[in-house]
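This is start35.cif. It holds mmCIF, C-alpha atoms.
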```cif
data_work
loop_
_atom_site.label_atom_id
_atom_site.label_comp_id
_atom_site.auth_asym_id
_atom_site.auth_seq_id
_atom_site.Cartn_x
_atom_site.Cartn_y
_atom_site.Cartn_z
CA MET A 1 19.28 -1.35 10.55
CA ASP A 2 17.16 1.11 8.57
CA LEU A 3 13.93 2.65 9.85
CA MET A 4 11.69 0.37 7.79
CA SER A 5 13.38 -2.73 9.19
CA ILE A 6 12.98 -1.42 12.74
CA THR A 7 9.25 -0.86 12.23
CA LEU A 8 8.89 -4.38 10.81
CA VAL A 9 10.61 -5.88 13.85
CA VAL A 10 8.28 -3.88 16.11
CA ARG A 11 5.22 -5.04 14.18
CA TRP A 12 6.45 -8.65 14.35
CA LEU A 13 6.91 -8.36 18.12
CA ILE A 14 3.40 -6.92 18.48
CA GLY A 15 2.07 -10.18 17.03
CA TRP A 16 3.69 -12.15 19.85
CA GLY A 17 2.33 -9.74 22.42
CA LEU A 18 -1.23 -9.90 21.13
CA MET A 19 -1.27 -13.72 21.24
CA TRP A 20 0.78 -14.15 24.40
CA ARG A 21 -2.08 -15.11 26.72
CA LEU A 22 -4.84 -17.42 25.49
CA PRO A 23 -6.39 -18.88 28.67
CA ARG A 24 -8.37 -22.08 28.59
CA LEU A 25 -11.52 -22.77 30.57
CA PRO A 26 -10.57 -23.33 34.25
CA ASP A 27 -10.62 -26.85 35.66
CA LEU A 28 -13.03 -26.30 38.56
CA SER A 29 -15.48 -28.54 40.40
CA VAL A 30 -19.24 -28.07 40.26
CA VAL A 31 -20.77 -26.95 43.55
CA GLY A 32 -23.87 -28.89 44.62
CA SER A 33 -26.26 -30.36 42.05
CA PRO A 34 -27.40 -27.54 39.76
CA GLU A 35 -30.07 -28.25 37.18
CA VAL A 36 -28.53 -27.37 33.81
CA SER A 37 -30.49 -26.80 30.62
CA VAL A 38 -28.51 -27.18 27.37
CA LEU A 39 -30.13 -25.17 24.57
CA ILE A 40 -29.16 -25.99 20.97
CA PRO A 41 -30.47 -23.74 18.16
CA ALA A 42 -30.59 -25.79 14.97
CA ARG A 43 -31.50 -24.77 11.44
CA ASN A 44 -30.85 -27.52 8.88
CA GLU A 45 -28.21 -29.20 11.04
CA GLU A 46 -28.81 -32.86 10.19
CA ARG A 47 -25.10 -33.40 9.52
CA THR A 48 -23.76 -31.92 12.74
CA LEU A 49 -26.49 -32.40 15.36
CA PRO A 50 -26.01 -36.18 15.83
CA HIS A 51 -22.35 -35.69 16.77
CA LEU A 52 -23.19 -33.02 19.34
CA LEU A 53 -25.98 -35.08 20.93
CA THR A 54 -23.66 -38.10 21.18
CA ALA A 55 -20.98 -35.94 22.81
CA LEU A 56 -23.49 -34.61 25.34
CA GLU A 57 -24.42 -38.17 26.32
CA GLN A 58 -20.76 -38.78 27.17
CA GLN A 59 -20.29 -35.75 29.44
CA THR A 60 -18.84 -36.31 32.90
CA PHE A 61 -21.42 -33.81 34.17
CA LYS A 62 -24.93 -34.79 33.09
CA PRO A 63 -27.32 -31.94 32.20
CA TYR A 64 -30.83 -31.82 33.62
CA GLU A 65 -32.29 -31.39 30.14
CA ILE A 66 -31.20 -30.99 26.52
CA ILE A 67 -33.43 -28.87 24.32
CA VAL A 68 -33.05 -28.75 20.54
CA ILE A 69 -34.78 -25.69 19.09
CA ASP A 70 -35.66 -26.49 15.50
CA ASP A 71 -35.54 -23.20 13.62
CA GLN A 72 -37.82 -23.93 10.66
CA SER A 73 -35.53 -26.65 9.28
CA VAL A 74 -36.35 -28.37 6.00
CA ASP A 75 -34.07 -31.36 6.57
CA ALA A 76 -34.05 -34.17 9.17
CA THR A 77 -33.02 -31.99 12.13
CA ALA A 78 -36.30 -32.50 14.03
CA GLN A 79 -36.35 -36.26 13.44
CA ILE A 80 -32.78 -36.60 14.73
CA ALA A 81 -33.68 -34.77 17.94
CA LYS A 82 -36.75 -36.96 18.45
CA GLN A 83 -34.78 -40.16 17.89
CA ALA A 84 -32.16 -39.03 20.41
CA GLY A 85 -34.86 -38.65 23.05
CA VAL A 86 -34.10 -35.00 23.84
CA LYS A 87 -36.68 -32.26 24.17
CA LEU A 88 -37.65 -30.76 20.81
CA VAL A 89 -39.10 -27.26 20.47
CA GLN A 90 -40.25 -25.65 17.23
CA THR A 91 -39.75 -21.92 16.78
CA PRO A 92 -42.83 -19.81 15.97
CA PRO A 93 -42.58 -17.59 12.86
CA LEU A 94 -39.68 -15.15 13.08
CA PRO A 95 -40.88 -11.77 14.40
CA THR A 96 -39.81 -8.50 12.85
CA GLY A 97 -36.63 -7.17 14.45
CA TRP A 98 -35.24 -10.57 15.46
CA THR A 99 -32.46 -12.67 13.93
CA GLY A 100 -33.13 -16.39 13.62
CA LYS A 101 -30.59 -17.59 16.19
CA ASN A 102 -31.66 -15.08 18.83
CA TRP A 103 -35.32 -15.98 18.37
CA ALA A 104 -34.49 -19.69 18.61
CA LEU A 105 -32.60 -19.17 21.86
CA LYS A 106 -35.41 -17.04 23.28
CA THR A 107 -37.82 -19.86 22.37
CA GLY A 108 -35.58 -22.45 24.02
CA TYR A 109 -35.21 -20.39 27.17
CA THR A 110 -39.00 -20.13 27.47
CA ALA A 111 -39.23 -23.93 27.35
CA SER A 112 -36.36 -24.56 29.80
CA SER A 113 -36.57 -25.28 33.52
CA GLY A 114 -32.93 -25.43 34.64
CA ASP A 115 -31.26 -22.85 36.87
CA ILE A 116 -28.13 -22.70 34.67
CA LEU A 117 -28.42 -22.22 30.90
CA VAL A 118 -25.82 -23.51 28.46
CA PHE A 119 -26.14 -22.37 24.83
CA LEU A 120 -24.34 -24.61 22.31
CA ASP A 121 -24.25 -24.25 18.54
CA ALA A 122 -25.22 -27.44 16.72
CA ASP A 123 -21.82 -27.72 15.01
CA THR A 124 -19.78 -27.70 18.22
CA GLU A 125 -17.83 -30.79 19.32
CA PRO A 126 -17.42 -30.74 23.11
CA GLY A 127 -14.92 -32.82 25.05
CA LYS A 128 -16.17 -34.93 27.93
CA ASP A 129 -15.44 -32.32 30.61
CA LEU A 130 -16.78 -29.24 28.85
CA LEU A 131 -20.12 -28.99 30.66
CA ARG A 132 -18.51 -29.53 34.05
CA ARG A 133 -15.96 -26.80 33.44
CA LEU A 134 -18.53 -24.39 32.01
CA VAL A 135 -21.00 -24.87 34.85
CA ALA A 136 -18.31 -24.66 37.53
CA THR A 137 -16.86 -21.48 36.02
CA VAL A 138 -20.32 -19.86 35.93
CA GLN A 139 -20.76 -20.77 39.59
CA HIS A 140 -17.35 -19.32 40.43
CA LEU A 141 -17.44 -16.09 38.39
CA GLY A 142 -21.13 -15.42 37.76
CA GLY A 143 -22.33 -13.50 34.75
CA LEU A 144 -21.67 -14.85 31.26
CA VAL A 145 -18.99 -17.45 30.49
CA SER A 146 -18.15 -18.48 26.92
CA VAL A 147 -15.66 -20.57 24.97
CA GLN A 148 -14.16 -20.03 21.52
CA PRO A 149 -13.91 -23.48 19.88
CA TYR A 150 -10.74 -24.77 18.30
CA HIS A 151 -11.26 -24.42 14.54
CA ARG A 152 -10.84 -27.86 13.03
CA THR A 153 -10.25 -27.87 9.26
CA GLU A 154 -10.54 -30.71 6.75
CA ARG A 155 -10.56 -29.18 3.26
CA LEU A 156 -8.04 -26.79 1.73
CA TYR A 157 -10.42 -23.83 1.37
CA GLU A 158 -11.01 -23.87 5.16
CA GLN A 159 -7.36 -22.88 5.67
CA LEU A 160 -8.26 -19.46 4.26
CA ALA A 161 -10.04 -18.63 7.53
CA VAL A 162 -6.76 -18.33 9.43
CA LEU A 163 -6.47 -14.52 9.52
CA PHE A 164 -10.11 -14.01 10.51
CA ASN A 165 -9.60 -16.30 13.49
CA LEU A 166 -6.37 -14.59 14.51
CA VAL A 167 -7.50 -11.00 14.05
CA GLY A 168 -10.67 -11.67 16.03
CA LEU A 169 -8.67 -13.01 18.98
CA MET A 170 -5.94 -10.38 18.81
CA ALA A 171 -8.52 -7.61 19.10
CA ILE A 172 -10.01 -8.74 22.41
CA LYS A 173 -9.09 -9.46 26.02
CA LEU A 174 -9.60 -13.07 27.05
CA GLY A 175 -9.99 -14.58 30.50
CA ALA A 176 -12.05 -13.76 33.56
CA ARG A 177 -14.01 -10.50 33.23
CA GLY A 178 -12.51 -9.73 29.83
CA GLY A 179 -15.77 -8.22 28.61
CA VAL A 180 -16.27 -10.35 25.48
CA ALA A 181 -18.26 -13.47 24.60
CA PHE A 182 -18.22 -16.22 21.97
CA GLY A 183 -21.57 -17.38 20.64
CA PRO A 184 -20.84 -21.08 19.90
CA ALA A 185 -20.69 -21.96 23.62
CA MET A 186 -22.08 -19.69 26.33
CA ALA A 187 -23.30 -20.35 29.86
CA THR A 188 -25.03 -18.27 32.51
CA SER A 189 -27.36 -18.67 35.45
CA LYS A 190 -31.01 -18.20 34.60
CA HIS A 191 -31.14 -15.46 37.26
CA ASP A 192 -28.41 -13.41 35.56
CA TYR A 193 -29.86 -14.09 32.11
CA GLU A 194 -33.24 -12.74 33.18
CA ARG A 195 -31.62 -9.80 34.96
CA VAL A 196 -30.02 -8.54 31.72
CA GLY A 197 -33.15 -9.13 29.65
CA GLY A 198 -32.01 -12.31 27.91
CA HIS A 199 -31.88 -12.42 24.13
CA ASP A 200 -34.57 -9.76 23.95
CA ALA A 201 -31.76 -7.31 24.70
CA VAL A 202 -29.87 -8.32 21.53
CA ALA A 203 -32.80 -9.43 19.38
CA GLY A 204 -31.72 -7.75 16.13
CA TYR A 205 -27.96 -8.24 16.30
CA ILE A 206 -26.21 -10.64 13.91
CA VAL A 207 -23.19 -11.21 16.16
CA GLU A 208 -25.23 -11.42 19.33
CA ASP A 209 -22.31 -12.67 21.42
CA TRP A 210 -20.41 -9.36 21.21
CA PHE A 211 -23.43 -7.37 22.27
CA MET A 212 -24.59 -9.86 24.89
CA ALA A 213 -21.25 -9.34 26.66
CA HIS A 214 -21.92 -5.56 26.65
CA VAL A 215 -25.41 -6.13 28.06
CA TYR A 216 -23.99 -8.17 30.96
CA GLU A 217 -21.35 -5.55 31.71
CA ARG A 218 -23.90 -2.74 31.70
CA ALA A 219 -25.86 -4.71 34.29
CA GLY A 220 -22.77 -4.95 36.49
CA LEU A 221 -22.14 -8.61 35.66
CA PRO A 222 -18.88 -10.05 34.26
CA ALA A 223 -18.44 -11.52 30.79
CA SER A 224 -15.57 -14.04 30.71
CA ALA A 225 -14.25 -15.80 27.62
CA TYR A 226 -11.78 -18.65 27.13
CA MET A 227 -10.13 -20.70 24.40
CA GLY A 228 -11.50 -24.15 23.63
CA TYR A 229 -8.24 -25.81 22.57
CA GLY A 230 -8.44 -29.42 23.83
CA GLN A 231 -11.97 -28.91 25.19
CA LEU A 232 -14.26 -27.75 22.39
CA ASN A 233 -13.89 -27.97 18.61
CA TYR A 234 -15.94 -27.04 15.60
CA ARG A 235 -15.58 -27.13 11.87
CA MET A 236 -16.73 -23.78 10.54
CA TYR A 237 -18.55 -23.56 7.21
CA PRO A 238 -18.08 -27.13 5.91
CA GLY A 239 -20.64 -26.32 3.18
CA GLY A 240 -18.03 -24.77 0.91
CA LEU A 241 -16.07 -21.62 0.12
CA ARG A 242 -19.18 -19.47 -0.40
CA ASP A 243 -20.47 -20.26 3.11
CA LEU A 244 -17.08 -19.36 4.55
CA ILE A 245 -17.02 -16.03 2.73
CA VAL A 246 -20.58 -15.08 3.68
CA GLY A 247 -20.15 -16.29 7.26
CA PHE A 248 -17.05 -14.25 8.00
CA ASN A 249 -18.51 -11.40 6.00
CA LYS A 250 -21.53 -11.03 8.31
CA ASN A 251 -19.40 -11.29 11.45
CA PHE A 252 -16.67 -8.99 10.18
CA ALA A 253 -19.05 -6.29 9.01
CA THR A 254 -20.90 -6.09 12.30
CA ALA A 255 -18.23 -6.64 14.94
CA ALA A 256 -15.40 -4.50 13.53
CA GLY A 257 -16.67 -1.34 15.19
CA GLN A 258 -16.84 -2.93 18.65
CA VAL A 259 -13.08 -3.23 19.24
CA SER A 260 -11.12 -0.75 21.38
CA TRP A 261 -9.03 1.61 19.28
CA VAL A 262 -5.81 0.69 21.14
CA ARG A 263 -6.14 -3.00 20.34
CA MET A 264 -7.32 -2.24 16.82
CA LEU A 265 -4.22 -0.10 16.24
CA ALA A 266 -1.99 -2.94 17.49
CA VAL A 267 -3.77 -5.44 15.23
CA VAL A 268 -3.46 -3.12 12.23
CA LEU A 269 0.27 -2.67 12.88
CA TRP A 270 0.85 -6.42 13.06
CA ILE A 271 -1.23 -7.28 10.04
CA SER A 272 0.38 -4.48 8.01
CA GLY A 273 3.73 -6.16 8.69
CA LEU A 274 2.30 -9.46 7.52
CA PHE A 275 0.96 -7.79 4.37
CA TRP A 276 4.35 -6.18 3.78
CA ALA A 277 6.16 -9.52 4.05
CA ALA A 278 3.61 -11.12 1.72
CA TRP A 279 4.35 -8.50 -0.95
CA CYS A 280 8.09 -8.02 -0.59
CA LEU A 281 9.26 -11.57 -1.27
CA PRO A 282 7.55 -11.93 -4.67
CA ALA A 283 8.41 -8.28 -5.41
CA SER A 284 12.11 -8.94 -4.87
CA LEU A 285 11.90 -12.13 -6.96
CA PHE A 286 10.13 -10.58 -9.93
CA GLY A 287 11.39 -7.02 -9.82
CA TRP A 288 8.07 -5.46 -8.74
CA PRO A 289 7.99 -2.04 -7.05
CA ILE A 290 9.26 -2.23 -3.48
CA VAL A 291 10.02 0.31 -0.76
CA GLY A 292 13.04 -0.37 1.43
CA ASN A 293 15.51 -3.22 1.17
CA SER A 294 15.04 -5.15 -2.09
CA SER A 295 17.65 -7.82 -1.29
CA LEU A 296 16.32 -11.34 -1.88
CA LEU A 297 18.00 -12.72 1.25
CA TYR A 298 16.54 -9.93 3.39
CA ASN A 299 13.03 -10.54 2.10
CA VAL A 300 13.31 -14.34 2.41
CA LEU A 301 14.24 -13.88 6.08
CA LEU A 302 11.38 -11.39 6.56
CA TYR A 303 8.95 -13.85 4.97
CA LEU A 304 10.16 -16.75 7.11
CA ALA A 305 9.97 -14.65 10.29
CA PHE A 306 6.27 -13.97 9.77
CA ALA A 307 5.52 -17.49 8.46
CA ILE A 308 7.11 -19.18 11.48
CA GLN A 309 5.38 -16.76 13.83
CA LEU A 310 2.04 -17.46 12.18
CA ALA A 311 2.55 -21.23 12.43
CA ILE A 312 3.28 -20.96 16.17
CA ILE A 313 0.64 -18.49 17.31
CA VAL A 314 -2.12 -20.24 15.39
CA ARG A 315 -1.57 -23.63 17.07
CA PRO A 316 -4.11 -23.14 19.91
CA VAL A 317 -6.56 -21.44 17.54
CA GLY A 318 -7.08 -24.02 14.79
CA SER A 319 -5.47 -26.49 12.42
CA PHE A 320 -3.99 -23.87 10.10
CA ARG A 321 -0.31 -24.76 10.04
CA LEU A 322 -0.39 -25.67 6.34
CA ILE A 323 -1.44 -22.17 5.21
CA ALA A 324 1.08 -20.46 7.51
CA PHE A 325 3.93 -20.90 5.02
CA PHE A 326 1.76 -19.78 2.13
CA PHE A 327 0.25 -16.83 3.99
CA PRO A 328 0.13 -14.43 0.99
CA ILE A 329 -2.85 -16.49 -0.23
CA ALA A 330 -4.62 -15.92 3.09
CA VAL A 331 -3.73 -12.21 2.93
CA VAL A 332 -5.35 -11.79 -0.51
CA PHE A 333 -8.45 -13.65 0.68
CA PHE A 334 -8.65 -11.55 3.85
CA ILE A 335 -8.48 -8.29 1.88
CA ALA A 336 -11.13 -9.49 -0.59
CA VAL A 337 -13.59 -10.44 2.16
CA PHE A 338 -12.88 -7.19 4.00
CA VAL A 339 -13.80 -5.20 0.87
CA LEU A 340 -16.92 -7.32 0.42
CA ALA A 341 -17.88 -6.68 4.05
CA ILE A 342 -17.64 -2.94 3.51
CA LEU A 343 -19.85 -3.21 0.43
CA ASN A 344 -22.40 -5.24 2.37
CA LEU A 345 -22.41 -2.65 5.13
CA GLU A 346 -23.36 -0.10 2.51
CA ARG A 347 -25.94 -2.45 1.00
CA GLY A 348 -27.31 -3.21 4.46
CA GLN A 349 -27.97 -6.94 4.06
CA ILE A 350 -26.60 -10.38 3.24
CA GLU A 351 -28.10 -13.82 2.59
CA TRP A 352 -27.50 -16.51 5.22
CA LYS A 353 -29.16 -19.92 5.65
CA GLY A 354 -32.01 -18.99 3.37
CA ARG A 355 -32.76 -15.70 5.10
CA THR A 356 -31.97 -12.09 4.30
CA ILE A 357 -30.09 -10.66 7.28
CA SER A 358 -29.56 -6.99 7.95
CA THR A 359 -25.98 -5.95 8.68
CA ARG A 360 -27.29 -3.01 10.68
CA TRP A 361 -28.90 -2.90 14.09
CA GLN A 362 -32.65 -2.76 13.69
CA GLY A 363 -32.89 0.45 15.67
CA GLU A 364 -30.76 2.40 13.20
#
```

Have the structure of the file written as structure tokens, please.
Amino acid sequence: MDLMSITLVVRWLIGWGLMWRLPRLPDLSVVGSPEVSVLIPARNEERTLPHLLTALEQQTFKPYEIIVIDDQSVDATAQIAKQAGVKLVQTPPLPTGWTGKNWALKTGYTASSGDILVFLDADTEPGKDLLRRLVATVQHLGGLVSVQPYHRTERLYEQLAVLFNLVGLMAIKLGARGGVAFGPAMATSKHDYERVGGHDAVAGYIVEDWFMAHVYERAGLPASAYMGYGQLNYRMYPGGLRDLIVGFNKNFATAAGQVSWVRMLAVVLWISGLFWAAWCLPASLFGWPIVGNSSLLYNVLLYLAFAIQLAIIVRPVGSFRLIAFFFPIAVVFFIAVFVLAILNLERGQIEWKGRTISTRWQGE
């Protein structure tokens, strides 16, 4: 076996190692009768909010209160919350230095009275036991507990998100005290939330979950994160391809610098192998420039090795199995959005949900 083949095998094995352990939220029992406030920031969420509110009614653990924070919506979001009989709070005008979601959650916290806070994005789809597991895990571990939802896809363009989901998970440590957080579903005691300074501490950050985890750790409190497969779903960016591009663009541009260099190196090695396989098969078919073995059989096997691996490791992450065997398309899309993210970092801002959002921390 030549040196290039050896490095490709190593890079392929790294992919298995990075996705070997994806823990789900523990199945624990709630201690006592805690009063739990569920806070839902919502900006023009008339399509998703009804499903979340229905799912919350069906929880095995009943929250003390559900608060929908209407973030200057221009659709029927507020009316839906009123009809559901939950508490509705309107956000005041957005202050300088705050992002919309952080300000909404700060507003919701001010209006809450529970001793455990659960933050849920309006597009999340919780299973019946999610609140029980979240609350019990917060009681058991303390600090901040979060869940990454299973990415449910319906339309073909949504399959293009596969590599962003995978790379984001490969670059972090999951489980108890892993030091990361996922914004769609987070829970903490009000005491710990106030101890770290709440969302005031991350007011200007776009990807507030990454930095909230750092804030908890600096205060000596754990940040624990789990996979939502079988417990929590969402459908990211159902509004179309542009929303998907801009959404991953803002997250990618801000969070990329927060990953440890060791994990980032491992991710780069794996994804470079994937890129190599994506190029070499068509190159061997059409006589394009290629380094290493140009045999068609060799490159078919290389392609299948990465395609099968992708189909397997993505199963607990989202419904992406269709794109796994056509992964060169996802590779091209990933590179294009990465380049766009770099350009937006230089430009310093992007447009999201009708607002201009800075891709830099406000203190810079």

_Given all atoms listed in the file as the basis, pick out the residue of A:Ala176, A:Ala341, A:Val202, A:Ala171 nearest to Ile14 (chain A)._
A:Ala171

*asked:* Which residues are close to region 61-71 of chain A, i.e. within 9 Å by all atoms listed in the file, leaving aside same-chain residues fewer than 3 positions away? Reply as a ChimeraX atom specification.
replied: /A:30,34-44,53,56-58,77-78,81,86-92,100-101,103-105,107-108,111-114,122,128-133,135

The PyMOL selection byres ((chain A and resi 293) around 10) on the file shown: which residues, as an mmCIF file with C-alpha atoms, keeping the file's coordinate frame?
```cif
data_model
loop_
_atom_site.group_PDB
_atom_site.id
_atom_site.type_symbol
_atom_site.label_atom_id
_atom_site.label_comp_id
_atom_site.auth_asym_id
_atom_site.auth_seq_id
_atom_site.Cartn_x
_atom_site.Cartn_y
_atom_site.Cartn_z
ATOM 1 C CA ASP A 2 17.160 1.110 8.570
ATOM 2 C CA MET A 4 11.690 0.370 7.790
ATOM 3 C CA SER A 5 13.380 -2.730 9.190
ATOM 4 C CA CYS A 280 8.090 -8.020 -0.590
ATOM 5 C CA SER A 284 12.110 -8.940 -4.870
ATOM 6 C CA ILE A 290 9.260 -2.230 -3.480
ATOM 7 C CA VAL A 291 10.020 0.310 -0.760
ATOM 8 C CA GLY A 292 13.040 -0.370 1.430
ATOM 9 C CA SER A 294 15.040 -5.150 -2.090
ATOM 10 C CA SER A 295 17.650 -7.820 -1.290
ATOM 11 C CA LEU A 296 16.320 -11.340 -1.880
ATOM 12 C CA LEU A 297 18.000 -12.720 1.250
ATOM 13 C CA TYR A 298 16.540 -9.930 3.390
ATOM 14 C CA ASN A 299 13.030 -10.540 2.100
#
```

*In the coordinates of the file, take the point (-5.9, -5.8, 17.6) and a cut-off of 6 Å; then, counting all atoms listed in the file, name each qualifying protein, DNA or RNA residue as a count of residues only.*
6

*asked:* Need the shell around region 306-308 of chain A: protein/DNA/RNA residues with any atom at most 8 Å away, counting all atoms listed in the file. Skip same-chain ones fewer than 5 positions apart. Format as a ChimeraX atom specification?
replied: /A:12,274,277,324-327
